[in-house]
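The structure file protein24.pdb is reproduced below (PDB, C-alpha atoms).
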```pdb
ATOM      1  CA  MET A  22    -192.809-124.824 184.198
ATOM      2  CA  LYS A  23    -190.277-126.171 186.716
ATOM      3  CA  HIS A  24    -188.495-123.266 188.317
ATOM      4  CA  VAL A  25    -186.731-121.800 191.325
ATOM      5  CA  PHE A  26    -187.768-118.432 192.781
ATOM      6  CA  GLN A  27    -185.575-116.521 195.217
ATOM      7  CA  LYS A  28    -186.973-113.313 196.626
ATOM      8  CA  GLY A  29    -184.579-110.379 196.539
ATOM      9  CA  ASN A  30    -184.234-107.791 199.291
ATOM     10  CA  ASP A  31    -184.859-104.757 197.084
ATOM     11  CA  PRO A  32    -188.270-104.693 195.335
ATOM     12  CA  SER A  33    -187.154-101.783 193.131
ATOM     13  CA  ARG A  34    -184.591-104.042 191.409
ATOM     14  CA  PRO A  35    -185.510-106.052 188.321
ATOM     15  CA  THR A  36    -186.415-109.729 188.559
ATOM     16  CA  LEU A  37    -183.642-111.771 186.935
ATOM     17  CA  LEU A  38    -185.085-114.454 184.642
ATOM     18  CA  LEU A  39    -182.440-117.168 184.226
ATOM     19  CA  LEU A  40    -182.654-119.386 181.132
ATOM     20  CA  HIS A  41    -180.186-122.275 180.803
ATOM     21  CA  GLY A  42    -178.526-123.818 177.749
ATOM     22  CA  THR A  43    -179.271-127.250 176.245
ATOM     23  CA  GLY A  44    -178.862-129.971 178.867
ATOM     24  CA  GLY A  45    -178.916-127.483 181.729
ATOM     25  CA  ASN A  46    -181.508-126.946 184.434
ATOM     26  CA  GLU A  47    -182.951-124.291 186.715
ATOM     27  CA  HIS A  48    -179.918-124.432 189.046
ATOM     28  CA  ASP A  49    -177.184-123.888 186.430
ATOM     29  CA  LEU A  50    -177.210-120.118 186.135
ATOM     30  CA  LEU A  51    -177.957-119.218 189.766
ATOM     31  CA  PRO A  52    -174.284-118.207 190.329
ATOM     32  CA  LEU A  53    -174.682-115.601 187.546
ATOM     33  CA  ALA A  54    -177.429-113.836 189.495
ATOM     34  CA  GLU A  55    -174.972-113.373 192.369
ATOM     35  CA  VAL A  56    -172.528-111.624 190.021
ATOM     36  CA  ILE A  57    -175.144-109.490 188.249
ATOM     37  CA  ASP A  58    -177.410-108.288 191.077
ATOM     38  CA  LYS A  59    -177.396-109.738 194.606
ATOM     39  CA  ALA A  60    -180.437-107.670 195.618
ATOM     40  CA  ALA A  61    -182.753-108.760 192.794
ATOM     41  CA  ASN A  62    -185.453-111.414 192.707
ATOM     42  CA  VAL A  63    -184.356-114.506 190.797
ATOM     43  CA  LEU A  64    -186.692-116.639 188.687
ATOM     44  CA  SER A  65    -184.791-119.530 187.130
ATOM     45  CA  VAL A  66    -186.780-121.718 184.742
ATOM     46  CA  ARG A  67    -186.227-125.178 183.281
ATOM     47  CA  GLY A  68    -187.079-125.768 179.614
ATOM     48  CA  ASN A  69    -190.127-127.966 178.971
ATOM     49  CA  ILE A  70    -188.651-129.935 176.047
ATOM     50  CA  LEU A  71    -186.373-132.964 176.289
ATOM     51  CA  GLU A  72    -183.926-133.715 173.484
ATOM     52  CA  ASN A  73    -182.180-137.045 174.129
ATOM     53  CA  GLY A  74    -182.885-136.543 177.821
ATOM     54  CA  MET A  75    -181.507-132.978 177.818
ATOM     55  CA  PRO A  76    -183.817-130.088 178.810
ATOM     56  CA  ARG A  77    -184.302-127.359 176.215
ATOM     57  CA  PHE A  78    -186.731-124.467 175.769
ATOM     58  CA  PHE A  79    -187.944-125.477 172.283
ATOM     59  CA  LYS A  80    -187.430-128.190 169.687
ATOM     60  CA  ARG A  81    -184.953-128.036 166.845
ATOM     61  CA  LEU A  82    -184.860-129.953 163.585
ATOM     62  CA  ALA A  83    -181.042-130.060 163.488
ATOM     63  CA  GLU A  84    -178.057-128.197 164.958
ATOM     64  CA  GLY A  85    -178.844-124.511 164.382
ATOM     65  CA  VAL A  86    -182.199-125.269 162.696
ATOM     66  CA  PHE A  87    -185.137-124.358 164.907
ATOM     67  CA  ASP A  88    -188.592-125.924 164.835
ATOM     68  CA  GLU A  89    -190.302-122.590 164.217
ATOM     69  CA  GLU A  90    -193.809-123.764 165.104
ATOM     70  CA  ASP A  91    -192.593-125.118 168.448
ATOM     71  CA  LEU A  92    -190.497-122.009 169.064
ATOM     72  CA  ILE A  93    -193.590-119.795 168.660
ATOM     73  CA  PHE A  94    -195.649-122.062 170.959
ATOM     74  CA  ARG A  95    -192.924-122.299 173.644
ATOM     75  CA  THR A  96    -192.299-118.550 173.540
ATOM     76  CA  GLN A  97    -195.987-117.945 174.202
ATOM     77  CA  GLU A  98    -195.940-120.581 176.963
ATOM     78  CA  LEU A  99    -193.002-118.858 178.681
ATOM     79  CA  ASN A 100    -194.624-115.423 178.328
ATOM     80  CA  VAL A 101    -197.831-116.685 179.985
ATOM     81  CA  PHE A 102    -195.745-118.353 182.711
ATOM     82  CA  LEU A 103    -194.085-114.981 183.431
ATOM     83  CA  ASP A 104    -197.517-113.360 183.808
ATOM     84  CA  GLU A 105    -198.527-116.068 186.290
ATOM     85  CA  ALA A 106    -195.220-115.995 188.195
ATOM     86  CA  ALA A 107    -195.381-112.189 188.572
ATOM     87  CA  GLU A 108    -198.812-112.538 190.164
ATOM     88  CA  LYS A 109    -197.843-115.496 192.369
ATOM     89  CA  TYR A 110    -194.550-114.073 193.629
ATOM     90  CA  GLU A 111    -195.667-110.422 193.546
ATOM     91  CA  PHE A 112    -192.923-108.932 191.387
ATOM     92  CA  ASP A 113    -193.184-106.207 188.762
ATOM     93  CA  ARG A 114    -194.062-107.904 185.451
ATOM     94  CA  ASN A 115    -192.715-104.884 183.562
ATOM     95  CA  ASN A 116    -189.291-105.065 185.178
ATOM     96  CA  ILE A 117    -187.785-108.390 184.097
ATOM     97  CA  THR A 118    -184.182-108.826 182.969
ATOM     98  CA  ALA A 119    -183.588-112.104 181.143
ATOM     99  CA  VAL A 120    -180.168-113.722 181.467
ATOM    100  CA  GLY A 121    -179.915-116.550 178.965
ATOM    101  CA  TYR A 122    -177.186-118.798 177.643
ATOM    102  CA  SER A 123    -177.293-120.501 174.224
ATOM    103  CA  ASN A 124    -180.758-122.136 173.941
ATOM    104  CA  GLY A 125    -181.927-119.964 176.865
ATOM    105  CA  ALA A 126    -180.637-116.836 175.120
ATOM    106  CA  ASN A 127    -182.547-117.877 171.992
ATOM    107  CA  ILE A 128    -185.881-118.139 173.819
ATOM    108  CA  ALA A 129    -185.188-114.794 175.535
ATOM    109  CA  ALA A 130    -184.541-113.189 172.133
ATOM    110  CA  SER A 131    -187.719-114.850 170.857
ATOM    111  CA  LEU A 132    -189.704-113.243 173.705
ATOM    112  CA  MET A 133    -188.475-109.836 172.467
ATOM    113  CA  PHE A 134    -189.228-110.720 168.837
ATOM    114  CA  HIS A 135    -192.825-111.668 169.653
ATOM    115  CA  TYR A 136    -193.927-109.640 172.699
ATOM    116  CA  GLN A 137    -193.205-105.949 173.089
ATOM    117  CA  ASP A 138    -193.375-105.927 176.895
ATOM    118  CA  ALA A 139    -192.200-109.452 177.768
ATOM    119  CA  LEU A 140    -188.786-108.190 178.893
ATOM    120  CA  LYS A 141    -187.339-104.829 179.870
ATOM    121  CA  THR A 142    -183.717-105.893 179.510
ATOM    122  CA  ALA A 143    -181.899-108.968 178.228
ATOM    123  CA  VAL A 144    -178.417-110.403 178.645
ATOM    124  CA  LEU A 145    -177.925-112.893 175.823
ATOM    125  CA  HIS A 146    -174.877-115.177 175.990
ATOM    126  CA  HIS A 147    -174.177-116.815 172.597
ATOM    127  CA  PRO A 148    -177.627-116.301 171.048
ATOM    128  CA  MET A 149    -178.808-116.943 167.502
ATOM    129  CA  VAL A 150    -181.489-115.135 165.491
ATOM    130  CA  PRO A 151    -184.704-116.870 166.636
ATOM    131  CA  ARG A 152    -186.775-116.051 163.518
ATOM    132  CA  ARG A 153    -186.266-114.272 160.240
ATOM    133  CA  GLY A 154    -188.694-112.437 157.982
ATOM    134  CA  ILE A 155    -191.025-111.158 160.703
ATOM    135  CA  ASP A 156    -191.751-107.621 161.883
ATOM    136  CA  LEU A 157    -190.487-107.025 165.396
ATOM    137  CA  PRO A 158    -192.513-105.037 167.921
ATOM    138  CA  ASP A 159    -191.367-101.531 168.867
ATOM    139  CA  LEU A 160    -188.517-102.164 171.322
ATOM    140  CA  THR A 161    -187.757 -98.518 172.078
ATOM    141  CA  GLY A 162    -186.448 -98.210 175.633
ATOM    142  CA  LYS A 163    -185.402-101.887 175.844
ATOM    143  CA  ARG A 164    -181.735-102.682 176.538
ATOM    144  CA  VAL A 165    -179.897-105.770 175.285
ATOM    145  CA  PHE A 166    -176.383-107.089 175.933
ATOM    146  CA  ILE A 167    -175.136-109.752 173.510
ATOM    147  CA  ALA A 168    -172.020-111.739 174.411
ATOM    148  CA  ALA A 169    -170.524-113.658 171.503
ATOM    149  CA  GLY A 170    -167.432-115.716 170.739
ATOM    150  CA  THR A 171    -165.329-114.958 167.669
ATOM    151  CA  ASN A 172    -164.632-118.706 167.273
ATOM    152  CA  ASP A 173    -168.041-120.030 168.261
ATOM    153  CA  PRO A 174    -168.737-123.133 166.107
ATOM    154  CA  ILE A 175    -172.416-123.322 167.148
ATOM    155  CA  CYS A 176    -173.270-119.634 166.864
ATOM    156  CA  PRO A 177    -171.302-117.978 164.022
ATOM    157  CA  ALA A 178    -170.268-114.332 164.435
ATOM    158  CA  GLN A 179    -172.689-113.174 161.728
ATOM    159  CA  GLU A 180    -175.628-114.560 163.790
ATOM    160  CA  SER A 181    -174.755-112.206 166.657
ATOM    161  CA  GLU A 182    -174.252-109.286 164.267
ATOM    162  CA  GLU A 183    -177.587-109.947 162.547
ATOM    163  CA  LEU A 184    -179.395-110.196 165.897
ATOM    164  CA  ASP A 185    -177.778-106.895 166.943
ATOM    165  CA  THR A 186    -178.988-105.261 163.694
ATOM    166  CA  LEU A 187    -182.550-106.622 164.006
ATOM    167  CA  LEU A 188    -182.990-105.593 167.654
ATOM    168  CA  ALA A 189    -181.445-102.157 167.085
ATOM    169  CA  GLY A 190    -183.654-101.737 164.019
ATOM    170  CA  ALA A 191    -186.689-102.268 166.279
ATOM    171  CA  GLY A 192    -185.477 -99.480 168.590
ATOM    172  CA  ALA A 193    -183.600-101.463 171.269
ATOM    173  CA  GLU A 194    -180.324-100.185 172.670
ATOM    174  CA  VAL A 195    -177.874-103.037 171.994
ATOM    175  CA  GLU A 196    -174.310-103.661 173.101
ATOM    176  CA  LEU A 197    -172.385-106.451 171.361
ATOM    177  CA  HIS A 198    -169.473-107.837 173.403
ATOM    178  CA  TRP A 199    -166.877-110.125 171.799
ATOM    179  CA  GLU A 200    -164.759-112.792 173.449
ATOM    180  CA  ASN A 201    -161.938-114.475 171.540
ATOM    181  CA  ARG A 202    -163.431-117.835 172.514
ATOM    182  CA  GLY A 203    -165.855-120.520 171.383
ATOM    183  CA  HIS A 204    -169.363-121.330 172.624
ATOM    184  CA  GLN A 205    -168.504-121.720 176.319
ATOM    185  CA  LEU A 206    -169.801-119.246 178.875
ATOM    186  CA  THR A 207    -166.777-117.421 180.332
ATOM    187  CA  MET A 208    -166.429-115.479 183.580
ATOM    188  CA  THR A 209    -165.047-112.473 181.657
ATOM    189  CA  GLU A 210    -168.245-112.165 179.598
ATOM    190  CA  VAL A 211    -170.383-112.622 182.731
ATOM    191  CA  GLN A 212    -168.447-109.798 184.389
ATOM    192  CA  ALA A 213    -168.792-107.642 181.267
ATOM    193  CA  ALA A 214    -172.556-108.263 181.319
ATOM    194  CA  ALA A 215    -172.696-107.366 185.024
ATOM    195  CA  ALA A 216    -170.792-104.117 184.419
ATOM    196  CA  TRP A 217    -173.165-103.251 181.541
ATOM    197  CA  TYR A 218    -176.213-104.111 183.692
ATOM    198  CA  LYS A 219    -175.012-101.879 186.547
TER     199      LYS A 219
END
```
Serialized structure, structure tokens:
Amino acid sequence: MKHVFQKGNDPSRPTLLLLHGTGGNEHDLLPLAEVIDKAANVLSVRGNILENGMPRFFKRLAEGVFDEEDLIFRTQELNVFLDEAAEKYEFDRNNITAVGYSNGANIAASLMFHYQDALKTAVLHHPMVPRRGIDLPDLTGKRVFIAAGTNDPICPAQESEELDTLLAGAGAEVELHWENRGHQLTMTEVQAAAAWYK
């Protein structure tokens, strides 16, 4: 997977896994890492799917309708990539914090839905529920921050609430942060996520 890796200066810090939104790339969210944790490793990944020339992490059938088969495959692909990257760049595989926006937040949530130890922590900006009707792994000890917009046309408020309920039900410690905004990523929610992370 195309990616950027920046080595941090404190190996005890988590590795920040940055996952862009539809049409983004591996450079988009690098400024967020500066706000969240300057000392951490940064692994920023580009999605392997193109939709009308725009990078994404998995296919969808329509707006808000995921191609579930592709989602499962791409989630596994990303999980294997993380194993390989941890070995290559010598970071702690069990200490990854995902920071995802929109489509990137969805694949990060999907990692947690499918793999118990894929992520230690996740910051999900405007995520949706990746899959319904499946049993989640035991997520006890995992921490998740969800940032959502009350007027988000792409990701309705009930999506964020349902994701909160599902993750908490699997044992994760979840904080749901609301912005009186739409689907855009705002500096106030990034700062709220950074404060929560610290």
Closest atom pairs, residues of region 39-125 of chain A within 8 Å of region 148-153 of chain A, all atoms listed in the file, as a Markdown table:
```
| residue | atom | partner | partner_atom | distance |
| --- | --- | --- | --- | --- |
| A:Phe87 | CA | A:Pro151 | CA | 7.7 |
| A:Glu89 | CA | A:Arg152 | CA | 7.5 |
| A:Tyr122 | CA | A:Pro148 | CA | 7.1 |
| A:Ser123 | CA | A:Pro148 | CA | 5.3 |
| A:Asn124 | CA | A:Pro148 | CA | 7.2 |
```
| Using all atoms listed in the file, which residues sit within 8 Å of Asn69 (chain A) once same-chain residues fewer than 2 positions away are excluded, as a PyMOL selection string? | chain A and resi 22-23+67+71+76-79
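For the atom pair formed by CA of Ser181 (chain A) and CA of His146 (chain A), the distance is 9.8 Å, given to one decimal.
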| Residues within 12 Å of Phe94 (chain A), all atoms listed in the file, excluding chain neighbours under 2 positions, as a PyMOL selection string | chain A and resi 69-70+78-80+88-92+96-101+128+131-132+135
| query | Can you tell me, as a VMD selection string, what residues are no more than 10 Å from Arg202 (chain A) when counting only C-alpha atoms, ignoring any on the same chain fewer than 2 positions away? | reply | chain A and resid 169 to 174 199 to 200 204 to 207
Completion step: region 115-130 of chain A with N, CA and C atoms as a CSV table (one decimal), keeping the file's coordinate frame:
```csv
chain,number,residue,atom,x,y,z
A,115,ASN,N,-193.3,-105.8,184.6
A,115,ASN,CA,-192.7,-104.9,183.6
A,115,ASN,C,-191.3,-104.6,183.9
A,116,ASN,N,-190.7,-105.3,184.8
A,116,ASN,CA,-189.3,-105.1,185.2
A,116,ASN,C,-188.5,-106.4,185.3
A,117,ILE,N,-188.5,-107.1,184.2
A,117,ILE,CA,-187.8,-108.4,184.1
A,117,ILE,C,-186.5,-108.3,183.2
A,118,THR,N,-185.4,-108.7,183.7
A,118,THR,CA,-184.2,-108.8,183.0
A,118,THR,C,-183.9,-110.3,182.7
A,119,ALA,N,-183.9,-110.7,181.5
A,119,ALA,CA,-183.6,-112.1,181.1
A,119,ALA,C,-182.1,-112.2,181.1
A,120,VAL,N,-181.6,-113.4,181.6
A,120,VAL,CA,-180.2,-113.7,181.5
A,120,VAL,C,-180.2,-115.1,180.9
A,121,GLY,N,-179.8,-115.3,179.6
A,121,GLY,CA,-179.9,-116.6,179.0
A,121,GLY,C,-178.6,-117.0,178.3
A,122,TYR,N,-178.4,-118.3,178.3
A,122,TYR,CA,-177.2,-118.8,177.6
A,122,TYR,C,-177.6,-119.8,176.6
A,123,SER,N,-177.1,-119.6,175.3
A,123,SER,CA,-177.3,-120.5,174.2
A,123,SER,C,-178.8,-120.7,174.0
A,124,ASN,N,-179.3,-121.9,174.2
A,124,ASN,CA,-180.8,-122.1,173.9
A,124,ASN,C,-181.6,-121.2,174.8
A,125,GLY,N,-181.2,-120.9,176.0
A,125,GLY,CA,-181.9,-120.0,176.9
A,125,GLY,C,-181.9,-118.5,176.3
A,126,ALA,N,-180.7,-118.2,175.7
A,126,ALA,CA,-180.6,-116.8,175.1
A,126,ALA,C,-181.5,-116.7,173.9
A,127,ASN,N,-181.7,-117.9,173.2
A,127,ASN,CA,-182.5,-117.9,172.0
A,127,ASN,C,-184.0,-117.7,172.4
A,128,ILE,N,-184.5,-118.3,173.4
A,128,ILE,CA,-185.9,-118.1,173.8
A,128,ILE,C,-186.1,-116.7,174.4
A,129,ALA,N,-185.1,-116.2,175.0
A,129,ALA,CA,-185.2,-114.8,175.5
A,129,ALA,C,-185.3,-113.8,174.4
A,130,ALA,N,-184.5,-114.0,173.3
A,130,ALA,CA,-184.5,-113.2,172.1
A,130,ALA,C,-185.9,-113.4,171.5
```
